[in-house]
$ cat run_18.txt   # compact mmCIF, C-alpha atoms and all ligand atoms
# COMPACT_ATOMS: atom_id res chain seq x y z
CA MET A 206 -10.39 22.37 -19.69
CA ARG A 207 -8.30 20.32 -17.26
CA ARG A 208 -9.79 22.17 -14.30
CA ALA A 209 -13.29 21.58 -15.62
CA ARG A 210 -12.55 17.84 -15.86
CA GLN A 211 -11.13 17.81 -12.33
CA ARG A 212 -14.18 19.63 -11.04
CA LYS A 213 -16.43 17.07 -12.66
CA LEU A 214 -14.52 14.25 -10.95
CA ASP A 215 -14.68 16.10 -7.63
CA LEU A 216 -18.44 16.23 -7.97
CA ARG A 217 -18.90 12.62 -9.03
CA PHE A 218 -16.26 10.93 -6.87
CA PRO A 219 -15.74 13.01 -3.71
CA ARG A 220 -14.97 9.93 -1.57
CA VAL A 221 -13.10 6.65 -1.98
CA SER A 222 -16.32 4.66 -1.53
CA TYR A 223 -17.69 6.06 -4.83
CA LEU A 224 -14.46 5.08 -6.58
CA ALA A 225 -14.66 1.57 -5.14
CA ALA A 226 -18.24 1.11 -6.33
CA ARG A 227 -17.31 2.05 -9.91
CA ALA A 228 -14.09 0.01 -9.82
CA GLN A 229 -16.05 -3.11 -8.96
CA ARG A 230 -17.99 -2.70 -12.20
CA ARG A 231 -14.80 -2.31 -14.30
CA ILE A 232 -12.34 -4.85 -12.88
CA PRO A 233 -12.81 -8.57 -13.71
CA HIS A 234 -14.48 -10.29 -10.80
CA PHE A 235 -11.52 -12.54 -9.85
CA ALA A 236 -9.14 -9.55 -9.78
CA TRP A 237 -11.68 -7.51 -7.83
CA VAL A 238 -11.96 -10.22 -5.19
CA TYR A 239 -8.16 -10.48 -5.06
CA LEU A 240 -8.04 -6.72 -4.38
CA ASP A 241 -11.02 -6.25 -2.13
CA GLY A 242 -11.20 -9.49 -0.19
CA GLY A 243 -9.82 -10.71 3.09
CA THR A 244 -9.63 -14.24 4.40
CA GLY A 245 -11.80 -16.59 6.48
CA ASP A 246 -15.08 -14.92 7.42
CA GLU A 247 -13.45 -11.58 6.59
CA GLY A 248 -14.39 -10.17 9.98
CA ALA A 249 -11.05 -8.38 10.29
CA LEU A 250 -11.85 -6.31 7.20
CA ALA A 251 -14.76 -4.73 9.07
CA THR A 252 -13.00 -4.31 12.42
CA THR A 253 -9.93 -2.82 10.73
CA ARG A 254 -12.15 -0.12 9.20
CA ALA A 255 -14.37 0.32 12.26
CA ALA A 256 -11.35 1.05 14.48
CA PHE A 257 -11.05 4.44 12.75
CA ASP A 258 -14.62 5.38 13.63
CA ASP A 259 -13.83 4.94 17.32
CA VAL A 260 -11.25 7.73 17.31
CA GLU A 261 -12.61 11.18 18.09
CA MET A 262 -10.51 14.34 18.00
CA PHE A 263 -11.20 17.60 19.82
CA PRO A 264 -11.15 20.65 17.51
CA ARG A 265 -9.61 23.92 18.73
CA PHE A 266 -10.98 27.26 17.53
CA MET A 267 -10.17 30.99 17.36
CA ARG A 268 -6.85 30.53 15.59
CA GLY A 269 -7.37 33.19 12.96
CA PRO A 270 -7.28 32.53 9.22
CA PHE A 271 -4.79 29.96 7.97
CA ARG A 272 -4.22 27.49 5.18
CA PRO A 273 -3.11 24.06 6.51
CA ASP A 274 0.40 23.03 5.50
CA LEU A 275 0.48 19.32 4.64
CA SER A 276 4.21 19.09 3.96
CA SER A 277 6.02 16.44 5.93
CA THR A 278 9.66 15.49 6.35
CA PHE A 279 9.97 11.76 6.83
CA LEU A 280 13.25 9.87 7.17
CA GLY A 281 15.10 12.90 5.84
CA VAL A 282 12.98 13.32 2.71
CA ASP A 283 10.55 16.21 2.18
CA TYR A 284 7.12 15.05 1.06
CA ALA A 285 4.16 17.19 0.04
CA ALA A 286 1.86 15.26 2.36
CA PRO A 287 2.18 12.64 5.13
CA PHE A 288 0.85 9.74 3.07
CA GLY A 289 1.87 7.48 0.21
CA THR A 290 0.93 4.32 -1.64
CA ALA A 291 1.39 0.93 0.06
CA PRO A 292 2.99 -1.89 -1.95
CA VAL A 293 0.40 -3.98 -3.77
CA GLY A 294 1.43 -7.19 -5.54
CA MET A 295 0.10 -7.86 -9.05
CA GLN A 296 -0.99 -4.24 -9.33
CA GLY A 297 -0.94 -4.48 -13.10
CA LEU A 298 -3.34 -7.39 -12.99
CA ILE A 299 -5.86 -5.39 -10.99
CA TRP A 300 -5.53 -2.47 -13.39
CA PRO A 301 -3.24 -2.67 -16.46
CA GLY A 302 -0.26 -0.29 -16.26
CA ALA A 303 -0.97 0.49 -12.59
CA GLU A 304 2.67 0.61 -11.46
CA ARG A 305 3.73 3.24 -13.99
CA ILE A 306 0.58 5.30 -13.50
CA LEU A 307 0.87 5.38 -9.72
CA ALA A 308 4.63 5.96 -9.67
CA ARG A 309 4.20 8.96 -11.98
CA ALA A 310 1.29 10.37 -9.97
CA ALA A 311 3.21 9.94 -6.70
CA ALA A 312 6.23 11.80 -8.12
CA ASP A 313 3.98 14.55 -9.49
CA HIS A 314 2.29 14.93 -6.12
CA GLY A 315 5.47 14.64 -4.04
CA VAL A 316 4.51 11.51 -2.07
CA PRO A 317 6.02 7.99 -1.95
CA TYR A 318 5.20 5.21 -4.37
CA SER A 319 5.96 1.71 -3.04
CA LEU A 320 6.87 -0.98 -5.56
CA SER A 321 6.15 -4.55 -4.45
CA THR A 322 8.58 -7.40 -5.17
CA SER A 323 5.60 -9.14 -6.73
CA ALA A 324 4.35 -6.21 -8.76
CA CYS A 325 4.04 -6.46 -12.53
CA GLN A 326 6.89 -4.00 -13.09
CA ASP A 327 10.55 -3.98 -12.14
CA THR A 328 12.84 -1.57 -10.34
CA GLU A 329 14.64 -0.71 -13.60
CA THR A 330 11.42 0.69 -15.08
CA ILE A 331 9.80 2.23 -12.02
CA GLY A 332 12.89 3.66 -10.29
CA PRO A 333 13.41 6.48 -12.81
CA ILE A 334 9.70 7.32 -12.85
CA ALA A 335 9.34 7.45 -9.06
CA GLY A 336 12.62 9.37 -8.67
CA ASP A 337 13.22 10.48 -5.08
CA PHE A 338 9.78 9.24 -4.13
CA GLY A 339 10.29 5.51 -4.79
CA TRP A 340 10.15 2.98 -1.97
CA PHE A 341 10.89 -0.69 -2.64
CA GLN A 342 9.18 -3.55 -0.80
CA LEU A 343 11.05 -6.81 -0.29
CA TYR A 344 9.60 -10.28 0.12
CA VAL A 345 12.72 -12.20 1.04
CA PRO A 346 13.51 -14.95 -1.48
CA ARG A 347 14.71 -18.31 -0.22
CA ASP A 348 17.83 -18.16 -2.35
CA PRO A 349 20.27 -15.65 -0.80
CA VAL A 350 21.88 -14.96 -4.18
CA VAL A 351 18.51 -13.93 -5.57
CA ALA A 352 17.81 -11.83 -2.47
CA ASP A 353 21.11 -9.98 -2.85
CA ASP A 354 20.49 -9.45 -6.54
CA ILE A 355 17.03 -8.01 -5.97
CA LEU A 356 18.41 -5.61 -3.37
CA ARG A 357 21.20 -4.62 -5.77
CA ARG A 358 18.69 -3.91 -8.53
CA ALA A 359 16.53 -1.86 -6.16
CA GLN A 360 19.55 0.24 -5.14
CA GLU A 361 20.61 0.72 -8.75
CA GLY A 362 17.05 1.75 -9.58
CA GLY A 363 17.47 4.61 -7.11
CA PHE A 364 15.29 3.25 -4.30
CA ARG A 365 16.52 4.31 -0.85
CA THR A 366 13.62 3.41 1.43
CA LEU A 367 13.18 -0.34 1.83
CA LEU A 368 9.98 -1.87 3.15
CA PHE A 369 10.95 -5.25 4.58
CA THR A 370 7.67 -7.17 4.80
CA VAL A 371 7.50 -9.80 7.52
CA ASP A 372 3.83 -10.63 7.93
CA VAL A 373 3.41 -13.37 5.33
CA PRO A 374 4.81 -16.44 7.10
CA ILE A 375 2.54 -18.66 4.97
CA ASP A 376 -0.12 -18.09 2.31
CA ALA A 377 -3.59 -17.05 3.43
CA ARG A 378 -6.54 -19.25 2.48
CA ARG A 379 -8.59 -16.44 0.85
CA GLU A 380 -11.72 -18.49 0.40
CA ARG A 381 -13.65 -15.81 -1.51
CA MET A 382 -10.87 -15.66 -4.07
CA ARG A 383 -11.04 -19.41 -4.56
CA ARG A 384 -14.77 -19.19 -5.13
CA ALA A 385 -14.24 -16.46 -7.72
CA GLY A 386 -12.58 -19.16 -9.81
CA LEU A 387 -8.89 -18.55 -9.15
CA ARG A 388 -6.97 -21.79 -9.00
CA VAL A 389 -3.27 -22.40 -8.42
CA PRO A 390 -1.86 -23.27 -10.88
CA PHE A 391 -3.96 -20.97 -13.05
CA ARG A 392 -6.31 -22.36 -15.64
CA LEU A 393 -8.15 -20.00 -17.93
CA THR A 394 -11.56 -21.56 -17.41
CA PRO A 395 -14.71 -20.42 -19.22
CA THR A 396 -15.75 -18.75 -15.93
CA LEU A 397 -12.65 -16.57 -15.83
CA MET A 398 -12.83 -15.86 -19.54
CA ALA A 399 -16.42 -14.68 -19.10
CA GLN A 400 -15.33 -12.42 -16.22
CA ILE A 401 -12.63 -10.88 -18.41
CA LEU A 402 -14.90 -10.38 -21.41
CA ALA A 403 -17.42 -8.59 -19.20
CA ARG A 404 -14.86 -5.85 -18.47
CA PRO A 405 -13.99 -4.10 -21.77
CA ALA A 406 -12.15 -1.15 -20.16
CA TRP A 407 -9.79 -3.58 -18.40
CA LEU A 408 -9.28 -5.52 -21.64
CA ALA A 409 -8.49 -2.29 -23.48
CA GLY A 410 -5.90 -1.60 -20.78
CA VAL A 411 -4.28 -4.98 -21.40
CA ALA A 412 -4.17 -4.19 -25.12
CA ARG A 413 -2.41 -0.89 -24.33
CA HIS A 414 -0.03 -1.97 -21.56
CA GLY A 415 0.52 -5.64 -22.35
CA ALA A 416 -0.38 -8.69 -20.32
CA PRO A 417 0.47 -8.55 -16.62
CA ARG A 418 3.74 -10.33 -15.70
CA PHE A 419 5.98 -10.60 -12.66
CA ARG A 420 8.81 -8.60 -14.18
CA MET A 421 10.88 -8.27 -11.02
CA MET A 422 11.05 -11.99 -10.42
CA GLU A 423 10.95 -13.38 -13.94
CA PRO A 424 14.72 -13.25 -14.48
CA TYR A 425 15.15 -15.77 -11.70
CA TRP A 426 12.80 -18.38 -13.12
CA LYS A 427 14.12 -20.94 -15.49
CA ARG A 428 11.12 -20.61 -17.76
CA ALA A 429 9.42 -17.23 -17.73
CA SER A 430 5.87 -17.58 -18.92
CA ALA A 431 3.95 -15.26 -21.20
CA PHE A 432 0.44 -14.46 -19.95
CA SER A 433 0.67 -16.28 -16.68
CA PRO A 434 0.59 -14.10 -13.61
CA PHE A 435 -1.27 -16.99 -12.08
CA THR A 436 1.36 -19.54 -12.85
CA ALA A 437 3.69 -17.02 -11.31
CA VAL A 438 1.65 -16.97 -8.12
CA LYS A 439 2.45 -20.61 -7.71
CA ARG A 440 6.08 -19.99 -8.46
CA ALA A 441 6.17 -16.95 -6.19
CA SER A 442 4.93 -18.95 -3.25
CA GLU A 443 7.54 -21.61 -3.94
CA TRP A 444 10.13 -18.94 -4.40
CA SER A 445 9.75 -16.70 -1.41
CA VAL A 446 10.58 -17.43 2.18
CA GLY A 447 7.76 -16.24 4.36
CA SER A 448 9.62 -15.88 7.59
CA PRO A 449 13.16 -14.53 7.61
CA ASP A 450 14.68 -13.94 11.06
CA TRP A 451 16.02 -10.90 12.92
CA ASP A 452 19.65 -11.76 12.10
CA TYR A 453 18.85 -11.63 8.42
CA LEU A 454 17.11 -8.27 8.91
CA ALA A 455 20.21 -6.97 10.73
CA ARG A 456 22.39 -7.95 7.76
CA VAL A 457 20.03 -6.23 5.34
CA CYS A 458 20.01 -3.09 7.51
CA ASP A 459 23.84 -3.12 7.58
CA ASN A 460 24.12 -3.34 3.82
CA TRP A 461 21.22 -1.23 2.60
CA PRO A 462 22.42 2.32 1.76
CA GLY A 463 19.15 3.97 2.84
CA GLN A 464 16.51 3.39 5.49
CA VAL A 465 14.76 0.12 6.27
CA LEU A 466 11.17 -0.01 7.55
CA VAL A 467 9.91 -3.36 8.82
CA LYS A 468 6.39 -3.77 7.48
CA GLY A 469 3.58 -5.78 9.00
CA LEU A 470 4.16 -5.56 12.76
CA LEU A 471 1.42 -5.51 15.38
CA HIS A 472 3.29 -6.41 18.59
CA PRO A 473 5.43 -3.83 20.48
CA GLU A 474 8.13 -6.41 21.21
CA ASP A 475 8.55 -7.14 17.50
CA ALA A 476 8.83 -3.38 16.91
CA ASP A 477 11.58 -3.27 19.51
CA LEU A 478 13.42 -6.17 17.88
CA ALA A 479 13.16 -4.48 14.49
CA VAL A 480 14.75 -1.30 15.82
CA GLU A 481 17.45 -3.30 17.62
CA ALA A 482 18.24 -5.01 14.32
CA GLY A 483 18.90 -1.59 12.79
CA ALA A 484 15.58 -0.66 11.17
CA ALA A 485 14.81 3.04 10.94
CA GLY A 486 11.21 2.26 11.80
CA VAL A 487 8.23 0.00 11.34
CA VAL A 488 4.96 -0.10 9.44
CA VAL A 489 2.17 -1.05 11.82
CA SER A 490 -0.11 -3.07 9.56
CA ASN A 491 -2.35 -6.11 9.42
CA HIS A 492 -1.75 -6.24 5.65
CA GLY A 493 -5.16 -4.76 5.00
CA ALA A 494 -6.80 -7.65 6.92
CA ARG A 495 -6.16 -10.06 4.07
CA LEU A 496 -3.88 -12.61 5.73
CA PHE A 497 -5.11 -13.56 9.21
CA ASP A 498 -8.70 -12.94 10.20
CA GLY A 499 -7.81 -13.04 13.90
CA ALA A 500 -5.43 -10.07 13.68
CA PRO A 501 -6.33 -6.84 15.51
CA PRO A 502 -6.94 -3.63 13.58
CA ALA A 503 -3.61 -1.95 12.87
CA LEU A 504 -4.94 1.30 14.33
CA ASP A 505 -5.59 -0.45 17.67
CA ALA A 506 -2.04 -1.79 17.70
CA LEU A 507 -0.54 1.63 16.91
CA PRO A 508 -0.46 3.41 20.31
CA ALA A 509 1.47 0.67 22.13
CA ILE A 510 4.06 0.55 19.36
CA VAL A 511 4.41 4.34 19.33
CA GLU A 512 4.86 4.23 23.09
CA ARG A 513 7.52 1.55 22.80
CA ILE A 514 9.67 2.85 19.93
CA GLY A 515 8.21 6.23 18.87
CA LYS A 516 11.01 8.30 20.41
CA ARG A 517 13.76 6.25 18.73
CA ALA A 518 12.28 5.24 15.39
CA ALA A 519 9.68 6.07 12.75
CA VAL A 520 6.21 4.59 12.93
CA VAL A 521 4.05 4.26 9.81
CA LEU A 522 0.45 3.04 9.80
CA ASP A 523 -1.50 1.27 7.10
CA SER A 524 -4.64 -0.92 6.81
CA GLY A 525 -8.12 0.47 6.44
CA VAL A 526 -7.21 4.07 5.55
CA ARG A 527 -9.76 5.53 3.15
CA GLY A 528 -9.59 9.31 3.52
CA GLY A 529 -8.14 12.43 5.10
CA LEU A 530 -9.93 11.87 8.37
CA ASP A 531 -8.40 8.39 8.73
CA ILE A 532 -4.94 9.83 7.99
CA ALA A 533 -5.48 12.52 10.64
CA ARG A 534 -6.65 9.95 13.17
CA ALA A 535 -3.56 7.80 12.63
CA LEU A 536 -1.26 10.82 12.98
CA ALA A 537 -3.09 11.99 16.10
CA LEU A 538 -2.50 8.52 17.58
CA GLY A 539 1.23 8.89 16.99
CA ALA A 540 1.98 7.69 13.46
CA ASP A 541 4.61 9.65 11.54
CA PHE A 542 3.31 8.63 8.13
CA VAL A 543 0.41 6.72 6.57
CA LEU A 544 0.11 4.37 3.58
CA LEU A 545 -2.95 3.40 1.52
CA GLY A 546 -3.19 0.18 -0.49
CA ARG A 547 -6.64 -0.59 -1.86
CA ALA A 548 -7.80 3.03 -2.14
CA PHE A 549 -5.37 3.78 -4.98
CA MET A 550 -6.40 0.64 -6.82
CA TYR A 551 -10.07 1.57 -6.49
CA ALA A 552 -9.21 4.93 -8.03
CA LEU A 553 -7.46 3.31 -11.01
CA GLY A 554 -10.23 0.77 -11.47
CA ALA A 555 -12.84 3.52 -11.45
CA LEU A 556 -11.13 6.12 -13.62
CA GLY A 557 -8.06 4.54 -15.21
CA ALA A 558 -4.95 6.73 -15.25
CA ARG A 559 -6.94 9.83 -14.21
CA GLY A 560 -7.86 8.04 -10.99
CA ALA A 561 -4.38 8.31 -9.50
CA ASP A 562 -4.24 12.10 -9.84
CA HIS A 563 -7.83 12.43 -8.67
CA LEU A 564 -7.25 10.42 -5.48
CA MET A 565 -4.02 12.28 -4.69
CA ARG A 566 -5.88 15.58 -4.90
CA LEU A 567 -8.88 14.22 -3.04
CA LEU A 568 -6.75 12.99 -0.13
CA LYS A 569 -4.82 16.25 0.10
CA ASP A 570 -8.00 18.28 0.02
CA ASP A 571 -9.73 16.04 2.54
CA LEU A 572 -6.78 16.09 4.95
CA SER A 573 -6.47 19.84 4.57
CA ASN A 574 -10.16 20.20 5.41
CA VAL A 575 -9.81 18.00 8.50
CA MET A 576 -6.81 20.04 9.66
CA GLY A 577 -8.81 23.22 9.15
CA GLN A 578 -11.68 21.81 11.22
CA LEU A 579 -9.27 20.82 13.99
CA GLY A 580 -7.40 24.14 13.98
CA CYS A 581 -4.10 22.52 12.94
CA ARG A 582 -1.78 24.61 10.81
CA THR A 583 0.81 21.88 10.33
CA VAL A 584 1.11 18.10 10.36
CA ALA A 585 3.20 18.43 13.52
CA GLU A 586 0.26 20.13 15.26
CA LEU A 587 -1.98 17.27 14.20
CA ARG A 588 0.13 14.97 16.36
CA HIS A 589 -0.81 16.98 19.45
CA VAL A 590 -4.56 16.95 18.96
CA ALA A 591 -6.50 15.67 21.97
CA VAL A 592 -7.93 12.25 21.13
CA ARG A 593 -10.59 10.09 22.73
CA ARG A 594 -11.38 6.43 21.93
CA ARG A 595 -15.11 5.95 21.97
C1 LIG A 601 -4.28 -6.79 -3.45
C2 LIG A 601 -3.23 -6.51 -2.41
C3 LIG A 601 -1.93 -6.95 -2.63
C4 LIG A 601 -0.93 -6.66 -1.67
N1 LIG A 601 0.37 -7.03 -1.93
C5 LIG A 601 1.34 -6.70 -1.06
C6 LIG A 601 2.70 -6.95 -1.36
O1 LIG A 601 3.03 -7.44 -2.43
N2 LIG A 601 3.63 -6.62 -0.41
C7 LIG A 601 3.29 -6.04 0.79
O2 LIG A 601 4.16 -5.77 1.60
N3 LIG A 601 2.01 -5.76 1.07
C8 LIG A 601 1.03 -6.05 0.18
N4 LIG A 601 -0.27 -5.72 0.46
C9 LIG A 601 -0.59 -5.02 1.70
C10 LIG A 601 -0.50 -3.51 1.51
O3 LIG A 601 0.84 -3.11 1.36
C11 LIG A 601 -1.09 -2.76 2.71
O4 LIG A 601 -0.52 -3.26 3.90
C12 LIG A 601 -2.60 -2.87 2.78
O5 LIG A 601 -3.18 -2.83 1.49
C13 LIG A 601 -3.16 -1.74 3.62
O6 LIG A 601 -4.54 -1.85 3.74
P1 LIG A 601 -5.59 -1.06 2.82
O7 LIG A 601 -5.66 -1.82 1.54
O8 LIG A 601 -6.84 -1.15 3.61
O9 LIG A 601 -5.07 0.33 2.65
C14 LIG A 601 -1.27 -5.98 -0.48
C15 LIG A 601 -2.58 -5.54 -0.29
C16 LIG A 601 -3.54 -5.78 -1.25
C17 LIG A 601 -4.94 -5.24 -1.02
$ encode --input "run_18.txt" --output "structure tokens"
Amino acid sequence: MRRARQRKLDLRFPRVSYLAARAQRRIPHFAWVYLDGGTGDEGALATTRAAFDDVEMFPRFMRGPFRPDLSSTFLGVDYAAPFGTAPVGMQGLIWPGAERILARAAADHGVPYSLSTSACQDTETIGPIAGDFGWFQLYVPRDPVVADDILRRAQEGGFRTLLFTVDVPIDARRERMRRAGLRVPFRLTPTLMAQILARPAWLAGVARHGAPRFRMMEPYWKRASAFSPFTAVKRASEWSVGSPDWDYLARVCDNWPGQVLVKGLLHPEDADLAVEAGAAGVVVSNHGARLFDGAPPALDALPAIVERIGKRAAVVLDSGVRGGLDIARALALGADFVLLGRAFMYALGALGARGADHLMRLLKDDLSNVMGQLGCRTVAELRHVAVRRR
């Protein structure tokens, strides 16, 4: 029965693009634009994706029969595949219950789940679900007492890998989101109400999982609000410091019991500074092209960063990854691991809880197929594939 259902999904949604198309019809418009959009003219969204198409890999043949092995040891942890979920703020607003669903699917599939500081769930709830596969992402709060407390809670929740995000020095303008009717502070206008009422599956999710809230940060606000993720956006931007410095990072690295990855770097010198400050590695990322429309594609920035720090530290890539071929391209260009943000949210929007399991299987199958085509038995071999930029 389960296999028959999986097979049906494989036939209907064999690629992320099909999931995205259905998700758009099931997520309220303002939340869809928050998920899918970029900023400015949104040119970086297209270039970030197109960068993958420029990477060609040379297959090798005559290697006899084999079944590709996707397993990957990263920062001392054994994962079933070299990819995981990127942190996405307000995940539960995009799809109700998203944090729990994705954390469970990641643990089931043996890959990391990354919980954002501004997610709708807290470390106390998600830590036990994600188990050894939980990563926590920190936006550094202005108040050092709050920062220390958040890090303490993350540690107590069992998180050992810390994503220290540095690429949000100020808020992005996100013009398309404004036009969708989102205002700060939030007002439930007739426009937004109409968008919500047009999405019954999303509303049913809210009835089941409760209204989205910023559970991680709520304890630090004087007045926590009920259904007000949007009020919280305003508070969050008041609350977080966009631009901590390298000394602060060094202190965090000294005190954090696990590994720290600095997320959001595009310049090799910044990667160097991160490693000098004690980070175990970096996440090369342009934040999914949603902050600065003049940023280069993360994939284009990857080789120089690998060259600079790859022998001393871990290098992760995100932004624009939509399938197994993209994962293989990033690994062939030197990444040790790959994260996907929007793709998992498209999967939830399209299929609800089943979407997480479906996308995990889809990505594994797709990557396995690409490795088979290339003649790579292991992920390590993938890193030695001959590559050409078109
Ligand atoms: C809706 C949305 C919210 C995000 N929120 C966060 C966040 O809270 N913290 C963070 O470090 N990155 C955040 N990101 C960036 C992702 O972690 C990741 O860098 C990006 O999604 C990768 O690009 P992709 O969506 O094309 O895979 C967010 C991305 C999206 C799309």
$ residues_near_ligand --input "run_18.txt" --ligand "ligand LIG 601 (chain A)" --cutoff "9 Å" --atoms "all atoms listed in the file" --output "ChimeraX atom specification"
/A:236-243,250,253-254,290-296,299,319-324,342-344,368-373,468-469,488-495,522-527,544-550
$ write_last_selection --input "run_18.txt" --atoms "C-alpha atoms" --output "CSV table (one decimal), in the frame of the given file"
chain,number,residue,atom,x,y,z
A,236,ALA,CA,-9.1,-9.6,-9.8
A,237,TRP,CA,-11.7,-7.5,-7.8
A,238,VAL,CA,-12.0,-10.2,-5.2
A,239,TYR,CA,-8.2,-10.5,-5.1
A,240,LEU,CA,-8.0,-6.7,-4.4
A,241,ASP,CA,-11.0,-6.2,-2.1
A,242,GLY,CA,-11.2,-9.5,-0.2
A,243,GLY,CA,-9.8,-10.7,3.1
A,250,LEU,CA,-11.8,-6.3,7.2
A,253,THR,CA,-9.9,-2.8,10.7
A,254,ARG,CA,-12.2,-0.1,9.2
A,290,THR,CA,0.9,4.3,-1.6
A,291,ALA,CA,1.4,0.9,0.1
A,292,PRO,CA,3.0,-1.9,-2.0
A,293,VAL,CA,0.4,-4.0,-3.8
A,294,GLY,CA,1.4,-7.2,-5.5
A,295,MET,CA,0.1,-7.9,-9.0
A,296,GLN,CA,-1.0,-4.2,-9.3
A,299,ILE,CA,-5.9,-5.4,-11.0
A,319,SER,CA,6.0,1.7,-3.0
A,320,LEU,CA,6.9,-1.0,-5.6
A,321,SER,CA,6.2,-4.6,-4.4
A,322,THR,CA,8.6,-7.4,-5.2
A,323,SER,CA,5.6,-9.1,-6.7
A,324,ALA,CA,4.4,-6.2,-8.8
A,342,GLN,CA,9.2,-3.6,-0.8
A,343,LEU,CA,11.0,-6.8,-0.3
A,344,TYR,CA,9.6,-10.3,0.1
A,368,LEU,CA,10.0,-1.9,3.2
A,369,PHE,CA,11.0,-5.2,4.6
A,370,THR,CA,7.7,-7.2,4.8
A,371,VAL,CA,7.5,-9.8,7.5
A,372,ASP,CA,3.8,-10.6,7.9
A,373,VAL,CA,3.4,-13.4,5.3
A,468,LYS,CA,6.4,-3.8,7.5
A,469,GLY,CA,3.6,-5.8,9.0
A,488,VAL,CA,5.0,-0.1,9.4
A,489,VAL,CA,2.2,-1.0,11.8
A,490,SER,CA,-0.1,-3.1,9.6
A,491,ASN,CA,-2.4,-6.1,9.4
A,492,HIS,CA,-1.8,-6.2,5.6
A,493,GLY,CA,-5.2,-4.8,5.0
A,494,ALA,CA,-6.8,-7.6,6.9
A,495,ARG,CA,-6.2,-10.1,4.1
A,522,LEU,CA,0.4,3.0,9.8
A,523,ASP,CA,-1.5,1.3,7.1
A,524,SER,CA,-4.6,-0.9,6.8
A,525,GLY,CA,-8.1,0.5,6.4
A,526,VAL,CA,-7.2,4.1,5.6
A,527,ARG,CA,-9.8,5.5,3.2
A,544,LEU,CA,0.1,4.4,3.6
A,545,LEU,CA,-3.0,3.4,1.5
A,546,GLY,CA,-3.2,0.2,-0.5
A,547,ARG,CA,-6.6,-0.6,-1.9
A,548,ALA,CA,-7.8,3.0,-2.1
A,549,PHE,CA,-5.4,3.8,-5.0
A,550,MET,CA,-6.4,0.6,-6.8
$ atom_distance --input "run_18.txt" --atom1 "atom CA of A:Arg357" --atom2 "atom CA of A:Asp327"
12.4 Å
$ residues_around --input "run_18.txt" --residues "A:Ile232" --least-positions-apart "2" --cutoff "12 Å" --atoms "all atoms listed in the file" --output "PyMOL selection string"
chain A and resi 224-230+234-241+296-301+400-411+550-557
$ residues_around --input "run_18.txt" --residues "stretch 264-273 of chain A" --least-positions-apart "5" --cutoff "6 Å" --atoms "all atoms listed in the file" --output "short mmCIF file (atom, residue, chain, number, x, y, z; two decimals) with C-alpha atoms, in the frame of the given file"
data_model
loop_
_atom_site.label_atom_id
_atom_site.label_comp_id
_atom_site.auth_asym_id
_atom_site.auth_seq_id
_atom_site.Cartn_x
_atom_site.Cartn_y
_atom_site.Cartn_z
CA SER A 573 -6.47 19.84 4.57
CA LEU A 579 -9.27 20.82 13.99
CA GLY A 580 -7.40 24.14 13.98
CA ARG A 582 -1.78 24.61 10.81
CA THR A 583 0.81 21.88 10.33
#
$ atom_distance --input "run_18.txt" --atom1 "atom CA of A:Phe338" --atom2 "atom CA of A:Glu361"
14.5 Å
$ residues_near_point --input "run_18.txt" --point "(-13.5, -8.9, 10.2)" --cutoff "10 Å" --atoms "only C-alpha atoms" --output "PyMOL selection string"
chain A and resi 243-255+494-495+497-502
$ atom_distance --input "run_18.txt" --atom1 "atom CA of A:Leu587" --atom2 "atom CA of A:Asp562"
24.7 Å
$ closest_residue --input "run_18.txt" --among "A:Asp313, A:Asp541, A:Asp337, A:Asp531" --to "A:Lys516" --atoms "all atoms listed in the file"
A:Asp541
$ closest_residue --input "run_18.txt" --among "A:Ala455, A:Ala503, A:Met206, A:Met565" --to "A:Gly315" --atoms "all atoms listed in the file"
A:Met565
$ residues_around --input "run_18.txt" --residues "A:Leu367" --least-positions-apart "4" --cutoff "6 Å" --atoms "all atoms listed in the file" --output "PyMOL selection string"
chain A and resi 340-342+465
